Amino acid sequence: VEVQKIGYAFPGERSACYSSDLLLRQYKTARSRKKEKFTYKDVKGVYTIVLMDKSASIFDEFSEKYVHTFRQGSDTGLAMDLLQNYIFIPLDIFRENVHNKGIKNKLDAWLTFLSTDDPEQIIGLITEYPEFKAMYEHVYNMCRNVEDVMGIFSEELKILDRNTVKYMVDEMQETIDEQKRQLVTKQSKIDELQEQIELLKKQLKER
């Protein structure tokens with residue numbers, strides 16, 4: 001399960017890499033346990049679930065959908081379990097829907113618990129689903145211990161800073177690489193134009 005403040009920082013390509021890593025780790029575990037008796041049937045399906053507080057613009061087209069499930073399939077309809085599954089949940093779109101339509105089911109209840117700090121919605125959730133009261137009490141008691149919370153917050157900031165820096169470096173490197181490609185293309189055009197100029201000069205001289 002991956003929780004992202006900004007959805008565009010976790011695109012499909014990154015999800016596929018995380019899923020592949022998850023699958024490989026499971027494969028290694030299954031192989032080490034089964035040893036000689038291991039078969040690929042021992043490797044089970046993996047799910048990468050991504051919850052985004054602010055989703056990327058590609059999700060805006062589906063303003064009434066807030067659970068997107070992806071599975072690998074064939075172009076012929078042939079059924080085969082390729083093990084990798086993805087679920088994307090844009091919480092901002094969910095909040096819009098639940099604000100307009102209210103909590104309809106247990107999934108809505110869980111997503112409300114995970115995504116809102118609005119007192120009115122929390123009271124509505126606890127009234128309809130009393131089992132969430134104990135979880136809110138647990139969070140409340142945890143938040144009363146300021147020192148522990150600040151410790152968690154400090155650690156999260158370190159991870160966020162590290163990840164943000166890495167993401168920014170990767171983006172900058174892509175920009176630099178693209179600029180290099182453009183410079184090479186431009187230089188190639190300049191060289192070509194220079195050749196044409198030299199050829200014209202030669203033709204003029206001959207005339």
# chains A, B, ... in the order shown; residues from 1 in each chain; ligands from 1
$ residues_around --residues "Lys133 (chain A)" --least-positions-apart "6" --cutoff "10 Å" --atoms "only C-alpha atoms" --output "PyMOL selection string"
chain A and resi 122-123+125-127+139
$ write_last_selection --atoms "all heavy atoms" --output "short mmCIF file (atom, residue, chain, number, x, y, z; two decimals), in the first residue's frame"
data_model
loop_
_atom_site.label_atom_id
_atom_site.label_comp_id
_atom_site.auth_asym_id
_atom_site.auth_seq_id
_atom_site.Cartn_x
_atom_site.Cartn_y
_atom_site.Cartn_z
N ILE A 122 -16.79 13.19 10.35
CA ILE A 122 -16.34 12.19 11.33
C ILE A 122 -17.51 11.75 12.21
O ILE A 122 -17.70 10.56 12.46
CB ILE A 122 -15.17 12.75 12.18
CG1 ILE A 122 -13.92 12.90 11.30
CG2 ILE A 122 -14.88 11.84 13.37
CD1 ILE A 122 -12.78 13.65 11.94
N ILE A 123 -18.31 12.72 12.66
CA ILE A 123 -19.49 12.39 13.50
C ILE A 123 -20.47 11.52 12.71
O ILE A 123 -21.00 10.53 13.21
CB ILE A 123 -20.17 13.68 14.01
CG1 ILE A 123 -19.28 14.36 15.04
CG2 ILE A 123 -21.54 13.38 14.61
CD1 ILE A 123 -19.66 15.79 15.38
N LEU A 125 -19.75 9.56 10.24
CA LEU A 125 -19.14 8.23 10.05
C LEU A 125 -19.32 7.38 11.31
O LEU A 125 -19.74 6.22 11.22
CB LEU A 125 -17.65 8.39 9.72
CG LEU A 125 -16.82 7.11 9.64
CD1 LEU A 125 -17.33 6.19 8.54
CD2 LEU A 125 -15.35 7.42 9.42
N ILE A 126 -19.01 7.96 12.47
CA ILE A 126 -19.11 7.20 13.73
C ILE A 126 -20.56 6.82 14.02
O ILE A 126 -20.84 5.73 14.54
CB ILE A 126 -18.52 8.03 14.90
CG1 ILE A 126 -17.00 8.16 14.73
CG2 ILE A 126 -18.82 7.39 16.25
CD1 ILE A 126 -16.35 9.13 15.70
N THR A 127 -21.49 7.71 13.68
CA THR A 127 -22.91 7.43 13.91
C THR A 127 -23.37 6.23 13.08
O THR A 127 -24.07 5.35 13.57
CB THR A 127 -23.77 8.67 13.54
OG1 THR A 127 -23.30 9.79 14.29
CG2 THR A 127 -25.24 8.43 13.84
N VAL A 139 -6.25 7.24 17.68
CA VAL A 139 -5.53 8.34 17.03
C VAL A 139 -5.47 9.55 17.96
O VAL A 139 -4.43 10.20 18.10
CB VAL A 139 -6.20 8.72 15.67
CG1 VAL A 139 -5.58 9.98 15.10
CG2 VAL A 139 -6.07 7.57 14.68
#
$ closest_residue --among "A:Val43, A:Ile197, A:Leu51, A:Ile103" --to "Ile89 (chain A)" --atoms "only C-alpha atoms"
A:Leu51
$ select_by_dssp --residues "region 24-195 of chain A" --states "strand (DSSP E)" --output "MDAnalysis selection string"
chainID A and resid 46:54 68:71 84:90
$ select_by_dssp --residues "region 38-182 of chain A" --states "helix (DSSP H, G or I)" --output "ChimeraX atom specification"
/A:40-42,57-61,91-101,106-115,119-128,132-144,146-182
$ write_last_selection --atoms "C-alpha atoms" --output "PDB file, in the first residue's frame"
ATOM      1  CA  TYR A  40       6.076 -21.036 -10.251  1.00  0.00           C
ATOM      2  CA  LYS A  41       2.552 -21.886  -9.068  1.00  0.00           C
ATOM      3  CA  ASP A  42       3.850 -21.109  -5.556  1.00  0.00           C
ATOM      4  CA  SER A  57      -5.030  15.436 -13.924  1.00  0.00           C
ATOM      5  CA  ILE A  58      -5.593  12.165 -15.842  1.00  0.00           C
ATOM      6  CA  PHE A  59      -8.099  11.141 -13.135  1.00  0.00           C
ATOM      7  CA  ASP A  60     -10.245  14.266 -13.665  1.00  0.00           C
ATOM      8  CA  GLU A  61     -11.915  12.666 -16.688  1.00  0.00           C
ATOM      9  CA  LEU A  91      -8.959  10.598  -2.417  1.00  0.00           C
ATOM     10  CA  ASP A  92      -9.671  14.147  -3.642  1.00  0.00           C
ATOM     11  CA  ILE A  93     -12.210  12.792  -6.141  1.00  0.00           C
ATOM     12  CA  PHE A  94     -13.646  10.531  -3.427  1.00  0.00           C
ATOM     13  CA  ARG A  95     -14.081  13.534  -1.111  1.00  0.00           C
ATOM     14  CA  GLU A  96     -16.041  15.384  -3.808  1.00  0.00           C
ATOM     15  CA  ASN A  97     -18.298  12.361  -4.332  1.00  0.00           C
ATOM     16  CA  VAL A  98     -18.915  11.665  -0.655  1.00  0.00           C
ATOM     17  CA  HIS A  99     -19.630  15.363  -0.056  1.00  0.00           C
ATOM     18  CA  ASN A 100     -22.376  15.255  -2.712  1.00  0.00           C
ATOM     19  CA  LYS A 101     -23.748  11.746  -2.175  1.00  0.00           C
ATOM     20  CA  LYS A 106     -18.141   0.164   4.008  1.00  0.00           C
ATOM     21  CA  LEU A 107     -15.567   1.142   1.364  1.00  0.00           C
ATOM     22  CA  ASP A 108     -16.786   4.756   1.546  1.00  0.00           C
ATOM     23  CA  ALA A 109     -16.544   4.536   5.336  1.00  0.00           C
ATOM     24  CA  TRP A 110     -12.900   3.403   5.228  1.00  0.00           C
ATOM     25  CA  LEU A 111     -11.951   6.042   2.657  1.00  0.00           C
ATOM     26  CA  THR A 112     -13.648   8.716   4.769  1.00  0.00           C
ATOM     27  CA  PHE A 113     -11.638   7.549   7.783  1.00  0.00           C
ATOM     28  CA  LEU A 114      -8.430   7.735   5.738  1.00  0.00           C
ATOM     29  CA  SER A 115      -9.065  11.037   3.989  1.00  0.00           C
ATOM     30  CA  PRO A 119     -15.677  17.048  12.309  1.00  0.00           C
ATOM     31  CA  GLU A 120     -19.138  16.850  10.723  1.00  0.00           C
ATOM     32  CA  GLN A 121     -18.116  13.967   8.447  1.00  0.00           C
ATOM     33  CA  ILE A 122     -16.344  12.190  11.331  1.00  0.00           C
ATOM     34  CA  ILE A 123     -19.485  12.392  13.500  1.00  0.00           C
ATOM     35  CA  GLY A 124     -21.569  11.120  10.572  1.00  0.00           C
ATOM     36  CA  LEU A 125     -19.138   8.233  10.054  1.00  0.00           C
ATOM     37  CA  ILE A 126     -19.113   7.200  13.731  1.00  0.00           C
ATOM     38  CA  THR A 127     -22.914   7.432  13.907  1.00  0.00           C
ATOM     39  CA  GLU A 128     -23.348   5.118  10.907  1.00  0.00           C
ATOM     40  CA  PHE A 132     -14.590   3.462  13.791  1.00  0.00           C
ATOM     41  CA  LYS A 133     -14.993   5.209  17.165  1.00  0.00           C
ATOM     42  CA  ALA A 134     -12.267   3.055  18.773  1.00  0.00           C
ATOM     43  CA  MET A 135      -9.861   3.911  15.935  1.00  0.00           C
ATOM     44  CA  TYR A 136     -10.490   7.653  16.312  1.00  0.00           C
ATOM     45  CA  GLU A 137      -9.920   7.322  20.070  1.00  0.00           C
ATOM     46  CA  HIS A 138      -6.633   5.543  19.386  1.00  0.00           C
ATOM     47  CA  VAL A 139      -5.528   8.342  17.026  1.00  0.00           C
ATOM     48  CA  TYR A 140      -6.671  10.976  19.552  1.00  0.00           C
ATOM     49  CA  ASN A 141      -4.695   9.376  22.411  1.00  0.00           C
ATOM     50  CA  MET A 142      -1.657   9.028  20.185  1.00  0.00           C
ATOM     51  CA  CYS A 143      -1.858  12.727  19.232  1.00  0.00           C
ATOM     52  CA  ARG A 144      -1.998  13.753  22.891  1.00  0.00           C
ATOM     53  CA  VAL A 146       3.164  15.491  21.516  1.00  0.00           C
ATOM     54  CA  GLU A 147       6.732  14.210  21.868  1.00  0.00           C
ATOM     55  CA  ASP A 148       5.978  10.905  20.116  1.00  0.00           C
ATOM     56  CA  VAL A 149       3.981  12.619  17.383  1.00  0.00           C
ATOM     57  CA  MET A 150       6.782  15.114  16.722  1.00  0.00           C
ATOM     58  CA  GLY A 151       9.219  12.197  16.543  1.00  0.00           C
ATOM     59  CA  ILE A 152       7.044  10.495  13.910  1.00  0.00           C
ATOM     60  CA  PHE A 153       6.579  13.796  12.084  1.00  0.00           C
ATOM     61  CA  SER A 154      10.313  14.471  12.124  1.00  0.00           C
ATOM     62  CA  GLU A 155      11.072  11.012  10.701  1.00  0.00           C
ATOM     63  CA  GLU A 156       8.388  11.427   8.022  1.00  0.00           C
ATOM     64  CA  LEU A 157       9.843  14.801   7.043  1.00  0.00           C
ATOM     65  CA  LYS A 158      13.284  13.207   6.660  1.00  0.00           C
ATOM     66  CA  ILE A 159      11.852  10.522   4.372  1.00  0.00           C
ATOM     67  CA  LEU A 160       9.783  13.121   2.469  1.00  0.00           C
ATOM     68  CA  ASP A 161      12.805  15.401   2.037  1.00  0.00           C
ATOM     69  CA  ARG A 162      14.975  12.507   0.863  1.00  0.00           C
ATOM     70  CA  ASN A 163      12.338  11.281  -1.591  1.00  0.00           C
ATOM     71  CA  THR A 164      11.597  14.813  -2.825  1.00  0.00           C
ATOM     72  CA  VAL A 165      15.285  15.511  -3.424  1.00  0.00           C
ATOM     73  CA  LYS A 166      15.690  12.210  -5.297  1.00  0.00           C
ATOM     74  CA  TYR A 167      12.583  12.936  -7.390  1.00  0.00           C
ATOM     75  CA  MET A 168      13.803  16.463  -8.181  1.00  0.00           C
ATOM     76  CA  VAL A 169      17.270  15.185  -9.101  1.00  0.00           C
ATOM     77  CA  ASP A 170      15.719  12.582 -11.414  1.00  0.00           C
ATOM     78  CA  GLU A 171      13.547  15.278 -13.030  1.00  0.00           C
ATOM     79  CA  MET A 172      16.527  17.630 -13.413  1.00  0.00           C
ATOM     80  CA  GLN A 173      18.586  14.841 -14.961  1.00  0.00           C
ATOM     81  CA  GLU A 174      15.801  14.159 -17.469  1.00  0.00           C
ATOM     82  CA  THR A 175      15.685  17.889 -18.301  1.00  0.00           C
ATOM     83  CA  ILE A 176      19.478  18.009 -18.741  1.00  0.00           C
ATOM     84  CA  ASP A 177      19.420  14.905 -20.955  1.00  0.00           C
ATOM     85  CA  GLU A 178      16.640  16.412 -23.071  1.00  0.00           C
ATOM     86  CA  GLN A 179      18.564  19.684 -23.390  1.00  0.00           C
ATOM     87  CA  LYS A 180      21.670  17.744 -24.450  1.00  0.00           C
ATOM     88  CA  ARG A 181      19.626  15.931 -27.118  1.00  0.00           C
ATOM     89  CA  GLN A 182      18.262  19.260 -28.364  1.00  0.00           C
TER      90      GLN A 182
END
$ closest_residue --among "A:Tyr129, A:Leu23, A:Tyr8, A:Thr116" --to "Leu82 (chain A)" --atoms "only C-alpha atoms"
A:Leu23
$ atom_distance --atom1 "CA of Lys202 (chain A)" --atom2 "CA of Lys186 (chain A)"
24.3 Å
$ atom_distance --atom1 "CA of Met52 (chain A)" --atom2 "CA of Val3 (chain A)"
6.1 Å
$ residues_around --residues "Ile49 (chain A)" --least-positions-apart "2" --cutoff "8 Å" --atoms "only C-alpha atoms" --output "ChimeraX atom specification"
/A:1-2,47,51,86-89
$ closest_residue --among "A:Phe70, A:Asp117, A:Glu36, A:Ala79" --to "Gly12 (chain A)" --atoms "only C-alpha atoms"
A:Phe70
$ atom_distance --atom1 "CA of Lys28 (chain A)" --atom2 "CA of Gln4 (chain A)"
27.6 Å
$ decode --residues "region 185-197 of chain A" --atoms "N, CA and C atoms" --output "PDB file, in the first residue's frame"
ATOM      1  N   THR A 185      20.976  18.000 -31.713  1.00  0.00           N
ATOM      2  CA  THR A 185      20.151  18.175 -32.912  1.00  0.00           C
ATOM      3  C   THR A 185      20.422  19.530 -33.562  1.00  0.00           C
ATOM      4  N   LYS A 186      20.493  20.574 -32.717  1.00  0.00           N
ATOM      5  CA  LYS A 186      20.749  21.927 -33.233  1.00  0.00           C
ATOM      6  C   LYS A 186      22.129  22.016 -33.877  1.00  0.00           C
ATOM      7  N   GLN A 187      23.122  21.408 -33.220  1.00  0.00           N
ATOM      8  CA  GLN A 187      24.484  21.429 -33.761  1.00  0.00           C
ATOM      9  C   GLN A 187      24.545  20.718 -35.101  1.00  0.00           C
ATOM     10  N   SER A 188      23.779  19.613 -35.182  1.00  0.00           N
ATOM     11  CA  SER A 188      23.728  18.857 -36.432  1.00  0.00           C
ATOM     12  C   SER A 188      23.142  19.717 -37.562  1.00  0.00           C
ATOM     13  N   LYS A 189      22.075  20.492 -37.230  1.00  0.00           N
ATOM     14  CA  LYS A 189      21.461  21.382 -38.222  1.00  0.00           C
ATOM     15  C   LYS A 189      22.412  22.506 -38.623  1.00  0.00           C
ATOM     16  N   ILE A 190      23.137  23.039 -37.632  1.00  0.00           N
ATOM     17  CA  ILE A 190      24.116  24.103 -37.899  1.00  0.00           C
ATOM     18  C   ILE A 190      25.204  23.603 -38.838  1.00  0.00           C
ATOM     19  N   ASP A 191      25.692  22.391 -38.549  1.00  0.00           N
ATOM     20  CA  ASP A 191      26.735  21.793 -39.400  1.00  0.00           C
ATOM     21  C   ASP A 191      26.233  21.602 -40.832  1.00  0.00           C
ATOM     22  N   GLU A 192      24.966  21.166 -40.916  1.00  0.00           N
ATOM     23  CA  GLU A 192      24.362  20.936 -42.232  1.00  0.00           C
ATOM     24  C   GLU A 192      24.243  22.255 -43.014  1.00  0.00           C
ATOM     25  N   LEU A 193      23.774  23.315 -42.307  1.00  0.00           N
ATOM     26  CA  LEU A 193      23.668  24.636 -42.924  1.00  0.00           C
ATOM     27  C   LEU A 193      25.033  25.174 -43.334  1.00  0.00           C
ATOM     28  N   GLN A 194      26.039  24.917 -42.491  1.00  0.00           N
ATOM     29  CA  GLN A 194      27.399  25.365 -42.789  1.00  0.00           C
ATOM     30  C   GLN A 194      27.913  24.705 -44.073  1.00  0.00           C
ATOM     31  N   GLU A 195      27.603  23.431 -44.219  1.00  0.00           N
ATOM     32  CA  GLU A 195      28.002  22.700 -45.425  1.00  0.00           C
ATOM     33  C   GLU A 195      27.335  23.295 -46.667  1.00  0.00           C
ATOM     34  N   GLN A 196      26.036  23.618 -46.518  1.00  0.00           N
ATOM     35  CA  GLN A 196      25.296  24.214 -47.630  1.00  0.00           C
ATOM     36  C   GLN A 196      25.872  25.580 -48.012  1.00  0.00           C
ATOM     37  N   ILE A 197      26.243  26.373 -46.990  1.00  0.00           N
ATOM     38  CA  ILE A 197      26.850  27.697 -47.226  1.00  0.00           C
ATOM     39  C   ILE A 197      28.165  27.553 -47.970  1.00  0.00           C
TER      40      ILE A 197
END
